[in-house]
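Q: my_file-v1.cif (mmCIF, C-alpha atoms) pasted underneath:
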data_work
#
loop_
_atom_site.label_atom_id
_atom_site.label_comp_id
_atom_site.auth_asym_id
_atom_site.auth_seq_id
_atom_site.Cartn_x
_atom_site.Cartn_y
_atom_site.Cartn_z
CA MET A 12 69.62 21.52 169.62
CA ALA A 13 67.65 20.02 166.74
CA LYS A 14 69.41 17.42 164.67
CA ARG A 15 70.33 18.48 161.14
CA GLU A 16 68.91 16.61 158.17
CA ARG A 17 71.28 14.44 156.18
CA VAL A 18 70.55 13.14 152.69
CA VAL A 19 71.67 9.56 152.08
CA ARG A 20 72.09 8.41 148.51
CA MET A 21 71.02 4.84 147.90
CA SER A 22 72.65 3.25 144.86
CA VAL A 23 70.27 1.28 142.68
CA GLU A 24 73.24 -0.12 140.76
CA GLN A 25 74.90 -1.97 143.61
CA PRO A 26 72.50 -4.95 143.53
CA LEU A 27 73.22 -5.29 139.79
CA TRP A 28 76.96 -5.47 140.40
CA ARG A 29 76.46 -8.11 143.08
CA ALA A 30 74.26 -10.13 140.72
CA LEU A 31 76.90 -9.82 137.99
CA THR A 32 79.59 -11.11 140.37
CA ALA A 33 77.50 -14.16 141.22
CA TYR A 34 76.67 -14.73 137.54
CA ARG A 35 80.34 -14.73 136.52
CA LEU A 36 81.24 -17.24 139.22
CA LEU A 37 78.37 -19.60 138.42
CA THR A 38 78.89 -19.49 134.66
CA MET A 39 82.63 -20.06 135.08
CA VAL A 40 81.90 -23.21 137.08
CA TYR A 41 79.31 -24.23 134.47
CA ALA A 42 81.81 -23.86 131.60
CA VAL A 43 84.40 -25.96 133.47
CA LEU A 44 81.85 -28.70 134.21
CA LEU A 45 80.74 -28.82 130.55
CA PHE A 46 84.31 -29.53 129.52
CA ALA A 47 84.90 -32.01 132.34
CA PHE A 48 81.94 -34.19 131.25
CA ALA A 49 82.74 -34.00 127.51
CA HIS A 50 86.54 -33.69 127.37
CA LYS A 51 86.93 -37.08 125.63
CA GLN A 52 85.00 -35.77 122.64
CA PHE A 53 87.41 -32.88 122.03
CA ASP A 54 90.09 -33.08 119.31
CA ARG A 55 92.52 -31.03 121.35
CA PRO A 56 91.36 -31.13 124.97
CA TRP A 57 94.57 -29.49 126.15
CA VAL A 58 93.60 -26.29 124.29
CA ALA A 59 90.25 -26.22 126.06
CA ALA A 60 91.85 -27.07 129.43
CA ALA A 61 94.41 -24.28 129.07
CA TYR A 62 91.78 -21.71 128.15
CA LEU A 63 89.38 -22.73 130.93
CA THR A 64 92.21 -22.57 133.46
CA LEU A 65 92.90 -19.04 132.27
CA LEU A 66 89.17 -18.24 132.42
CA ALA A 67 88.81 -19.53 135.98
CA GLY A 68 91.85 -17.59 137.17
CA TRP A 69 90.71 -14.43 135.39
CA THR A 70 87.22 -14.68 136.90
CA LEU A 71 88.52 -15.12 140.45
CA VAL A 72 91.21 -12.44 140.21
CA THR A 73 88.88 -9.84 138.72
CA LEU A 74 86.07 -10.24 141.26
CA PRO A 75 86.93 -6.84 142.85
CA LYS A 76 86.68 -5.25 139.40
CA VAL A 77 82.99 -6.07 139.11
CA ALA A 78 82.16 -5.01 142.66
CA ASN A 79 81.12 -1.47 141.68
CA ALA A 80 81.12 1.05 138.85
CA VAL A 81 84.28 2.82 140.05
CA SER A 82 86.53 -0.25 139.96
CA CYS A 83 85.04 -1.49 136.69
CA THR A 84 87.23 0.58 134.37
CA LYS A 85 87.19 0.78 130.58
CA ARG A 86 90.52 -1.03 130.41
CA PHE A 87 89.14 -3.95 132.41
CA LEU A 88 86.01 -4.12 130.28
CA CYS A 89 88.07 -4.30 127.08
CA ALA A 90 90.30 -7.02 128.55
CA ASP A 91 87.27 -8.97 129.78
CA LEU A 92 85.63 -8.79 126.36
CA THR A 93 88.90 -9.95 124.78
CA VAL A 94 88.98 -13.02 127.04
CA ALA A 95 85.39 -13.88 126.06
CA CYS A 96 85.93 -13.44 122.29
CA THR A 97 89.24 -15.38 122.44
CA GLY A 98 87.45 -18.35 123.98
CA ILE A 99 84.81 -18.27 121.26
CA LEU A 100 87.42 -18.17 118.48
CA LEU A 101 89.49 -20.98 120.09
CA THR A 102 86.50 -23.34 120.11
CA PRO A 103 87.13 -24.73 116.55
CA LEU A 104 90.73 -25.53 117.53
CA ALA A 105 89.69 -27.55 120.57
CA ASP A 106 86.33 -29.10 119.69
CA THR A 107 85.31 -31.33 116.80
CA HIS A 108 83.60 -30.00 113.70
CA GLU A 109 80.62 -32.29 114.26
CA ARG A 110 79.93 -30.96 117.73
CA ILE A 111 80.23 -27.38 116.52
CA ALA A 112 77.93 -28.04 113.55
CA ALA A 113 75.43 -29.69 115.88
CA GLY A 114 75.22 -26.48 117.95
CA GLY A 115 77.64 -27.40 120.71
CA PRO A 116 78.62 -24.71 123.21
CA THR A 117 81.69 -22.53 122.88
CA LEU A 118 84.51 -22.82 125.40
CA PRO A 119 83.32 -19.94 127.63
CA SER A 120 79.68 -20.92 127.02
CA ILE A 121 77.24 -18.47 128.69
CA TRP A 122 80.08 -16.83 130.65
CA THR A 123 80.41 -14.54 127.63
CA ALA A 124 77.11 -12.85 128.49
CA GLY A 125 78.66 -11.65 131.78
CA ALA A 126 81.26 -9.63 129.87
CA VAL A 127 78.51 -7.97 127.83
CA LEU A 128 76.38 -7.30 130.93
CA ALA A 129 79.32 -5.54 132.56
CA PHE A 130 79.35 -3.10 129.64
CA ALA A 131 75.58 -2.61 130.01
CA ILE A 132 75.72 -1.86 133.75
CA LYS A 133 78.74 0.41 133.43
CA GLY A 134 77.77 2.48 130.39
CA GLY A 135 74.16 1.83 129.49
CA TRP A 136 72.60 0.48 126.31
CA ARG A 137 75.13 2.07 123.92
CA TRP A 138 78.04 0.31 125.58
CA ALA A 139 76.02 -2.91 125.63
CA CYS A 140 75.40 -2.60 121.89
CA PHE A 141 79.13 -2.13 121.30
CA ALA A 142 80.14 -5.22 123.31
CA SER A 143 77.39 -7.49 121.96
CA THR A 144 78.43 -6.59 118.40
CA PHE A 145 81.94 -7.95 119.02
CA VAL A 146 80.54 -11.11 120.60
CA ALA A 147 78.17 -11.57 117.65
CA ALA A 148 81.03 -11.20 115.17
CA ALA A 149 83.15 -13.75 117.08
CA ASN A 150 80.28 -16.27 117.10
CA LEU A 151 79.70 -15.87 113.36
CA VAL A 152 83.42 -16.36 112.64
CA GLN A 153 83.55 -19.39 114.94
CA ARG A 154 80.56 -21.08 113.26
CA GLY A 155 81.84 -20.43 109.79
CA GLU A 156 78.37 -19.78 108.43
CA PRO A 157 75.37 -18.01 110.01
CA THR A 158 73.01 -20.80 111.02
CA ARG A 159 69.56 -20.18 112.43
CA ASP A 160 70.62 -21.19 115.96
CA THR A 161 73.64 -18.91 115.81
CA LEU A 162 71.59 -15.92 114.66
CA HIS A 163 69.01 -16.67 117.34
CA ASN A 164 71.62 -16.72 120.12
CA VAL A 165 73.34 -13.59 118.82
CA LEU A 166 70.05 -11.68 118.62
CA LEU A 167 69.08 -12.84 122.10
CA VAL A 168 72.31 -11.55 123.65
CA TRP A 169 72.01 -8.32 121.71
CA VAL A 170 68.44 -7.56 122.76
CA ALA A 171 68.92 -8.65 126.38
CA SER A 172 72.07 -6.60 126.92
CA ILE A 173 70.64 -3.47 125.30
CA ALA A 174 67.44 -3.80 127.35
CA ILE A 175 69.42 -4.15 130.59
CA GLY A 176 71.58 -1.19 129.64
CA TYR A 177 68.49 0.94 129.04
CA VAL A 178 67.01 -0.13 132.39
CA VAL A 179 70.26 0.87 134.10
CA GLU A 180 70.12 4.34 132.52
CA VAL A 181 66.51 4.80 133.66
CA ALA A 182 67.45 3.63 137.17
CA ARG A 183 70.30 6.14 137.31
CA ALA A 184 67.99 8.96 136.24
CA SER A 185 65.44 7.93 138.86
CA GLU A 186 68.14 7.79 141.53
CA ALA A 187 69.36 11.28 140.62
CA THR A 188 65.81 12.65 140.71
CA LEU A 189 65.16 11.03 144.10
CA ALA A 190 68.42 12.40 145.49
CA ARG A 191 67.53 15.92 144.37
CA ALA A 192 64.07 15.61 145.91
CA LEU A 193 65.55 14.40 149.21
CA GLU A 194 68.05 17.26 149.25
CA ILE A 195 65.32 19.83 148.69
CA GLU A 196 63.16 18.21 151.38
CA ALA A 197 66.05 18.22 153.85
CA ALA A 198 66.83 21.88 153.07
CA THR A 199 63.17 22.79 153.53
CA ARG A 200 63.00 21.06 156.90
CA GLU A 201 66.19 22.77 158.04
CA ARG A 202 64.81 26.13 156.96
CA GLU A 203 61.58 25.49 158.86
CA ARG A 204 63.55 24.51 161.96
CA LEU A 205 65.62 27.70 161.81
CA ALA A 206 62.46 29.74 161.16
CA ARG A 207 60.89 28.32 164.33
CA ASP A 208 63.99 29.13 166.35
CA ILE A 209 64.11 32.68 164.98
CA HIS A 210 60.40 33.18 165.59
CA ASP A 211 60.64 31.95 169.17
CA GLY A 212 63.60 34.15 169.93
CA VAL A 213 64.74 37.08 167.80
CA LEU A 214 61.39 38.09 166.30
CA GLN A 215 59.64 38.13 169.66
CA VAL A 216 62.39 40.28 171.17
CA LEU A 217 62.20 42.76 168.28
CA ALA A 218 58.42 42.94 168.58
CA MET A 219 58.73 43.59 172.33
CA VAL A 220 61.31 46.35 171.73
CA GLN A 221 58.98 47.96 169.19
CA ARG A 222 56.03 47.95 171.60
CA ARG A 223 58.01 49.23 174.57
CA GLY A 224 59.72 51.90 172.50
CA THR A 225 56.39 53.20 171.24
CA GLU A 226 55.04 53.29 174.79
CA LEU A 227 58.07 55.16 176.19
CA GLY A 228 58.30 57.70 173.36
CA GLY A 229 61.21 60.01 172.68
CA GLU A 230 64.45 58.33 171.59
CA ALA A 231 63.02 54.98 172.61
CA ALA A 232 60.28 55.43 170.02
CA GLU A 233 62.89 55.78 167.27
CA LEU A 234 64.62 52.65 168.58
CA GLY A 235 61.27 50.86 168.53
CA ARG A 236 60.64 51.97 164.96
CA MET A 237 64.02 50.58 163.83
CA ALA A 238 63.33 47.34 165.68
CA GLY A 239 59.98 47.09 163.88
CA GLU A 240 61.65 47.54 160.50
CA GLN A 241 64.20 44.83 161.32
CA GLU A 242 61.40 42.53 162.46
CA VAL A 243 59.55 42.90 159.14
CA ALA A 244 62.76 42.44 157.14
CA LEU A 245 63.66 39.32 159.12
CA ARG A 246 60.16 37.89 158.73
CA THR A 247 60.40 38.45 154.96
CA LEU A 248 63.77 36.72 154.86
CA VAL A 249 62.50 33.74 156.84
CA SER A 250 59.29 33.38 154.82
CA SER A 251 61.08 33.62 151.48
CA GLY A 252 63.83 31.18 152.45
CA LEU A 253 67.30 31.44 153.92
CA ALA A 254 69.00 30.81 150.60
CA ARG A 255 68.61 33.36 147.84
CA PRO A 256 68.26 30.88 144.93
CA SER A 257 64.67 29.95 144.10
CA ARG A 258 63.82 26.66 142.49
CA ILE A 259 61.30 25.53 139.89
CA SER A 260 60.71 22.05 138.48
CA ARG A 261 60.64 21.14 134.84
CA ASP A 262 60.55 17.91 132.87
CA GLU A 263 63.60 16.66 131.01
CA SER A 264 64.56 13.41 129.32
CA LEU A 265 66.32 12.29 132.50
CA GLY A 266 63.33 12.97 134.70
CA ALA A 267 62.17 15.87 136.85
CA ILE A 268 64.90 18.48 137.10
CA VAL A 269 65.05 21.12 139.79
CA ALA A 270 66.49 24.28 138.25
CA ALA A 271 67.86 27.13 140.34
CA PHE A 272 67.52 30.79 139.45
CA GLU A 273 70.42 32.22 141.40
CA VAL A 274 71.48 35.76 142.15
CA GLU A 275 74.63 36.02 140.12
CA GLU A 276 77.79 37.90 140.94
CA PRO A 277 78.12 41.52 139.77
CA GLY A 278 79.22 41.64 136.16
CA ALA A 279 77.65 38.31 135.25
CA ASP A 280 75.05 39.19 132.61
CA GLU A 281 74.24 35.72 131.33
CA GLY A 282 71.40 33.47 132.37
CA GLU A 283 68.24 34.36 134.22
CA LEU A 284 67.49 35.84 137.61
CA ASP A 285 64.47 35.56 139.87
CA LEU A 286 63.10 39.10 140.15
CA ARG A 287 61.63 38.34 143.56
CA THR A 288 65.09 37.98 145.13
CA LEU A 289 65.99 41.53 144.06
CA LEU A 290 62.77 43.14 145.26
CA ALA A 291 62.31 41.27 148.56
CA PRO A 292 64.95 43.36 150.45
CA HIS A 293 62.81 46.48 149.92
CA ALA A 294 60.17 45.10 152.29
CA GLY A 295 60.01 46.81 155.65
CA SER A 296 57.71 48.19 158.27
CA ARG A 297 56.24 50.68 155.78
CA VAL A 298 56.80 48.75 152.54
CA SER A 299 54.69 45.67 151.84
CA PHE A 300 55.84 43.19 149.22
CA ALA A 301 53.45 40.84 147.38
CA GLU A 302 54.94 38.22 145.07
CA PRO A 303 53.82 35.14 143.11
CA GLY A 304 54.35 31.72 144.62
CA THR A 305 56.67 30.71 141.76
CA PRO A 306 59.90 32.32 140.50
CA VAL A 307 59.72 35.28 138.12
CA PRO A 308 62.75 34.66 135.87
CA LEU A 309 64.10 37.47 133.71
CA PRO A 310 67.41 37.93 131.91
CA VAL A 311 69.96 39.27 134.39
CA PRO A 312 70.29 42.80 132.88
CA ALA A 313 66.51 43.22 132.61
CA ALA A 314 65.93 42.02 136.18
CA ARG A 315 68.52 44.42 137.55
CA GLU A 316 67.21 47.41 135.58
CA LEU A 317 63.63 46.69 136.62
CA ALA A 318 64.70 46.35 140.26
CA ALA A 319 66.58 49.67 139.97
CA ALA A 320 63.43 51.34 138.61
CA VAL A 321 61.45 50.00 141.57
CA GLY A 322 64.14 51.34 143.91
CA ALA A 323 63.88 54.76 142.25
CA ALA A 324 60.09 54.75 142.72
CA LEU A 325 60.50 53.92 146.41
CA ASP A 326 63.08 56.70 146.77
CA ASN A 327 60.48 59.11 145.43
CA VAL A 328 57.98 57.83 148.01
CA ARG A 329 60.43 58.48 150.85
CA LYS A 330 61.40 61.93 149.56
CA HIS A 331 58.02 63.30 148.52
CA ALA A 332 55.32 61.29 150.35
CA GLY A 333 56.77 61.83 153.80
CA GLU A 334 58.19 59.57 156.49
CA GLY A 335 54.77 58.38 157.56
CA ALA A 336 53.71 57.19 154.09
CA SER A 337 53.35 53.49 153.37
CA ALA A 338 54.15 51.77 150.07
CA TRP A 339 53.12 48.52 148.43
CA ILE A 340 55.02 46.48 145.82
CA LEU A 341 53.05 44.01 143.70
CA VAL A 342 54.78 41.62 141.28
CA GLU A 343 52.72 39.92 138.56
CA ASP A 344 53.97 37.39 136.00
CA TRP A 345 51.65 37.09 133.00
CA GLY A 346 53.92 34.83 130.99
CA ASP A 347 54.56 37.18 128.07
CA GLU A 348 55.24 40.16 130.33
CA VAL A 349 56.14 41.03 133.92
CA ILE A 350 54.32 43.84 135.70
CA VAL A 351 55.55 45.50 138.91
CA THR A 352 53.28 48.04 140.59
CA VAL A 353 54.53 50.45 143.26
CA ARG A 354 51.77 52.31 145.12
CA ASP A 355 51.86 54.67 148.10
CA ASP A 356 49.30 56.46 150.27
CA GLY A 357 51.04 59.85 150.20
CA PRO A 358 49.56 63.21 149.20
CA GLY A 359 49.95 62.51 145.50
CA ILE A 360 51.58 64.59 142.78
CA PRO A 361 50.00 67.88 141.74
CA ALA A 362 49.09 68.23 138.07
CA GLY A 363 52.02 69.45 135.98
CA ARG A 364 54.58 68.84 138.73
CA LEU A 365 56.46 66.15 136.74
CA ASP A 366 56.83 68.39 133.69
CA GLN A 367 58.02 71.20 135.92
CA ALA A 368 60.57 68.94 137.63
CA GLU A 369 61.87 67.75 134.27
CA GLY A 370 62.23 71.36 133.15
CA GLU A 371 64.21 72.10 136.31
CA GLY A 372 66.60 69.25 135.53
CA ARG A 373 65.20 66.78 138.03
CA MET A 374 65.14 63.61 135.95
CA GLY A 375 64.26 61.01 138.59
CA VAL A 376 61.05 59.83 136.96
CA ALA A 377 62.11 60.59 133.38
CA LEU A 378 65.44 58.76 133.48
CA SER A 379 65.56 56.48 136.54
CA ILE A 380 62.14 55.01 135.88
CA ARG A 381 60.80 55.68 132.39
CA GLY A 382 64.22 55.68 130.76
CA ARG A 383 65.11 52.28 132.19
CA LEU A 384 61.81 50.76 131.08
CA ARG A 385 62.14 52.30 127.63
CA ASP A 386 65.56 50.67 127.19
CA LEU A 387 64.01 47.32 128.10
CA GLY A 388 61.26 47.72 125.52
CA GLY A 389 58.69 48.24 128.26
CA SER A 390 56.74 51.12 129.66
CA ALA A 391 56.20 53.02 132.90
CA GLU A 392 52.82 54.53 133.65
CA LEU A 393 52.35 56.92 136.56
CA VAL A 394 48.91 57.69 137.96
CA SER A 395 48.57 60.15 140.82
CA VAL A 396 45.49 61.69 142.42
CA PRO A 397 46.10 64.54 144.88
CA GLY A 398 45.28 63.34 148.36
CA GLN A 399 45.04 59.66 147.31
CA GLY A 400 48.64 58.67 146.65
CA THR A 401 50.62 57.67 143.58
CA GLU A 402 50.79 54.45 141.58
CA VAL A 403 53.63 53.52 139.22
CA GLU A 404 53.07 50.55 136.89
CA LEU A 405 56.20 49.06 135.28
CA LYS A 406 55.72 46.64 132.37
CA VAL A 407 58.51 44.57 130.82
CA PRO A 408 57.66 42.32 127.84
CA ARG A 409 59.66 39.09 127.96
CA GLY A 410 60.31 38.90 124.23
CA SER A 411 62.16 42.20 124.19
CA THR A 412 64.45 41.42 127.14
CA GLN A 413 66.48 38.65 125.55
#
Starting from the file, lay out its structure as structure tokens.
A:
Amino acid sequence: MAKRERVVRMSVEQPLWRALTAYRLLTMVYAVLLFAFAHKQFDRPWVAAAYLTLLAGWTLVTLPKVANAVSCTKRFLCADLTVACTGILLTPLADTHERIAAGGPTLPSIWTAGAVLAFAIKGGWRWACFASTFVAAANLVQRGEPTRDTLHNVLLVWVASIAIGYVVEVARASEATLARALEIEAATRERERLARDIHDGVLQVLAMVQRRGTELGGEAAELGRMAGEQEVALRTLVSSGLARPSRISRDESLGAIVAAFEVEEPGADEGELDLRTLLAPHAGSRVSFAEPGTPVPLPVPAARELAAAVGAALDNVRKHAGEGASAWILVEDWGDEVIVTVRDDGPGIPAGRLDQAEGEGRMGVALSIRGRLRDLGGSAELVSVPGQGTEVELKVPRGSTQ
């Protein structure tokens, strides 16, 4: 038995979370070493020592929180940002005014950027902008006045965090697009595998039954005819896909989106429907179905009414053209309108027969076909030549079907 395809999602974010974990550890050690080498220059070194002890413990305890997007919650991000801003605001209490005026580092130093980057990776550039604004405000309050170095550092953190947040959003969109493409590819391969199995087994048996039944004649011939119809129907199903939804790609701000036009449940009149999925079941041993290679979307009510009109036309072929007549369905999508042509090779309709049938109360063509198309804002044209069959052309303008 062939092995089924399985789509594996590869997270592009995980390396960013691992890098953030390493960054927080390294910058925590860096902040502690800065204090250790310059603690004699502090006015209140005990304030700095207490805060850095808290910072080291917080960094180590919260390592699991920055392991992935799920564990990195909003509550943790707010607490982490609070720890960073608190360290910035405590700097004037611990350090001397001269060192601060000379551009000395804050107590958390560059560890603060890790808190902002966590916002960027978790929520994108908008979250990064929010966090960097709080850090910028804390730095301005800590300095007392906006010096050139302070503004430079604030702007650098702002731009860097927003840029990383934007890159994360683009990476997420790319990952989602890749995952959708892999899913479609896996579904296509599975469909092809099943089609091969069906072709090698069921279809060949049906074809053999049809041939043998025709050769034997009698009741076996009728059995062969039914087998032939089932073979054609099964071939149509396999060639058009095992799943009824049809897909089409379009461009969106998040990348290439694969949209599905699905056959909706009865009573659901919203959205669009692929007309091909409603007409494909009509295909059989004596009914050929030709369709475009792309979906033919129509509003659900219009698609159903048009399909019903096609069904009515085929009913007329079976009733009036005889059991041996063949029919052809052609679907054309011209953008502004959809045209469905139903043609048969029967004896045709004698001149004046439709008017006579309408006078006798037989309203198949008048109501089931022309009436439906009239309600949709379209038209139904019937051309019949005695001895050469009948052709029904159904036109539905898209603008009038909304």
Q: List as a PDB file with C-alpha atoms, in the frame of the given file the residues having at least one atom at most 12 Å from position (82.5, 6.3, 143.9) as given in the file, counting only C-alpha atoms.
A:
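Below is the file that was written, point.pdb:
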ATOM      1  CA  ARG A  20      72.090   8.410 148.510  1.00  0.00           C
ATOM      2  CA  SER A  22      72.650   3.250 144.860  1.00  0.00           C
ATOM      3  CA  GLU A  24      73.240  -0.120 140.760  1.00  0.00           C
ATOM      4  CA  GLN A  25      74.900  -1.970 143.610  1.00  0.00           C
ATOM      5  CA  ALA A  78      82.160  -5.010 142.660  1.00  0.00           C
ATOM      6  CA  ASN A  79      81.120  -1.470 141.680  1.00  0.00           C
ATOM      7  CA  ALA A  80      81.120   1.050 138.850  1.00  0.00           C
ATOM      8  CA  VAL A  81      84.280   2.820 140.050  1.00  0.00           C
ATOM      9  CA  SER A  82      86.530  -0.250 139.960  1.00  0.00           C
ATOM     10  CA  CYS A  83      85.040  -1.490 136.690  1.00  0.00           C
TER      11      CYS A  83
END
Q: For this structure, which residues satisfy the selection - the PyMOL selection byres ((chain A and resi 239) around 10) - when it is evaluated on the file as given? I want them as an NGL selection string.
A: :A and (214 or 217-222 or 224 or 233-238 or 240-245 or 295-297)
Q: Convert the current residue selection to file output with C-alpha atoms, as a PDB file, keeping the file's coordinate frame.
A:
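What ended up in out06.pdb:
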ATOM      1  CA  LEU A 214      61.390  38.090 166.300  1.00  0.00           C
ATOM      2  CA  LEU A 217      62.200  42.760 168.280  1.00  0.00           C
ATOM      3  CA  ALA A 218      58.420  42.940 168.580  1.00  0.00           C
ATOM      4  CA  MET A 219      58.730  43.590 172.330  1.00  0.00           C
ATOM      5  CA  VAL A 220      61.310  46.350 171.730  1.00  0.00           C
ATOM      6  CA  GLN A 221      58.980  47.960 169.190  1.00  0.00           C
ATOM      7  CA  ARG A 222      56.030  47.950 171.600  1.00  0.00           C
ATOM      8  CA  GLY A 224      59.720  51.900 172.500  1.00  0.00           C
ATOM      9  CA  GLU A 233      62.890  55.780 167.270  1.00  0.00           C
ATOM     10  CA  LEU A 234      64.620  52.650 168.580  1.00  0.00           C
ATOM     11  CA  GLY A 235      61.270  50.860 168.530  1.00  0.00           C
ATOM     12  CA  ARG A 236      60.640  51.970 164.960  1.00  0.00           C
ATOM     13  CA  MET A 237      64.020  50.580 163.830  1.00  0.00           C
ATOM     14  CA  ALA A 238      63.330  47.340 165.680  1.00  0.00           C
ATOM     15  CA  GLU A 240      61.650  47.540 160.500  1.00  0.00           C
ATOM     16  CA  GLN A 241      64.200  44.830 161.320  1.00  0.00           C
ATOM     17  CA  GLU A 242      61.400  42.530 162.460  1.00  0.00           C
ATOM     18  CA  VAL A 243      59.550  42.900 159.140  1.00  0.00           C
ATOM     19  CA  ALA A 244      62.760  42.440 157.140  1.00  0.00           C
ATOM     20  CA  LEU A 245      63.660  39.320 159.120  1.00  0.00           C
ATOM     21  CA  GLY A 295      60.010  46.810 155.650  1.00  0.00           C
ATOM     22  CA  SER A 296      57.710  48.190 158.270  1.00  0.00           C
ATOM     23  CA  ARG A 297      56.240  50.680 155.780  1.00  0.00           C
TER      24      ARG A 297
END
Q: Can you tell me how far CA of Gly346 (chain A) sits from CA of Ser395 (chain A), in Å to one decimal?
A: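 If I compute the distance from CA of Gly346 (chain A) to CA of Ser395 (chain A), I get 27.7 Å.
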Q: Can you tell me, as a PyMOL selection string, which residues sit within 12 Å of (79.4, -4.7, 141.5) in the file's frame, using all atoms listed in the file?
A: chain A and resi 22-35+73-84+125+128-130+132-133
Q: If I take CA of Leu384 (chain A) and CA of Val351 (chain A), how far is one from the other in Å, to one decimal?
A: 11.3 Å
Q: Between A:Ser172, A:Asn150, A:Thr64, A:Ser185, which is the closest to Val127 (chain A) once you count only C-alpha atoms?
A: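 Smallest distance to Val127 (chain A) is found for A:Ser172.
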Q: Please identify all polymer residues within 9 Å of Ala174 (chain A), counting all atoms listed in the file, omitting same-chain residues fewer than 5 positions from it, and present them as a ChimeraX atom specification.
A: /A:131,136,139,169,179
Q: Box along x, y and z, 3 Å on every side, all listed atoms of region 344-347 of chain A inside: centre and edge lengths in Å to one decimal, as lines of an AutoDock Vina configuration file.
A:
center_x = 53.1
center_y = 36.1
center_z = 132.0
size_x = 8.9
size_y = 8.6
size_z = 13.9
Q: Just checking: using only C-alpha atoms, which residue out of A:Val307, A:Val181, A:Leu92, A:Leu118 ends up closest to Trp345 (chain A)?
A: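 Residue with the minimum atom-to-atom distance to Trp345 (chain A): A:Val307.
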Q: Quick check on the file I pasted: which residues fall under the PyMOL selection byres ((chain A and resi 356) around 6)? Write them as an mmCIF file with C-alpha atoms, keeping the file's coordinate frame.
A:
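So result-v2.cif came out as:
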data_model
loop_
_atom_site.group_PDB
_atom_site.id
_atom_site.type_symbol
_atom_site.label_atom_id
_atom_site.label_comp_id
_atom_site.auth_asym_id
_atom_site.auth_seq_id
_atom_site.Cartn_x
_atom_site.Cartn_y
_atom_site.Cartn_z
ATOM 1 C CA ALA A 336 53.710 57.190 154.090
ATOM 2 C CA SER A 337 53.350 53.490 153.370
ATOM 3 C CA ASP A 355 51.860 54.670 148.100
ATOM 4 C CA GLY A 357 51.040 59.850 150.200
ATOM 5 C CA GLY A 400 48.640 58.670 146.650
#
Q: One decimal, in Å: what's the spacing between CA of Tyr177 (chain A) and CA of Arg137 (chain A)?
A: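 These two atoms are separated by 8.5 Å.
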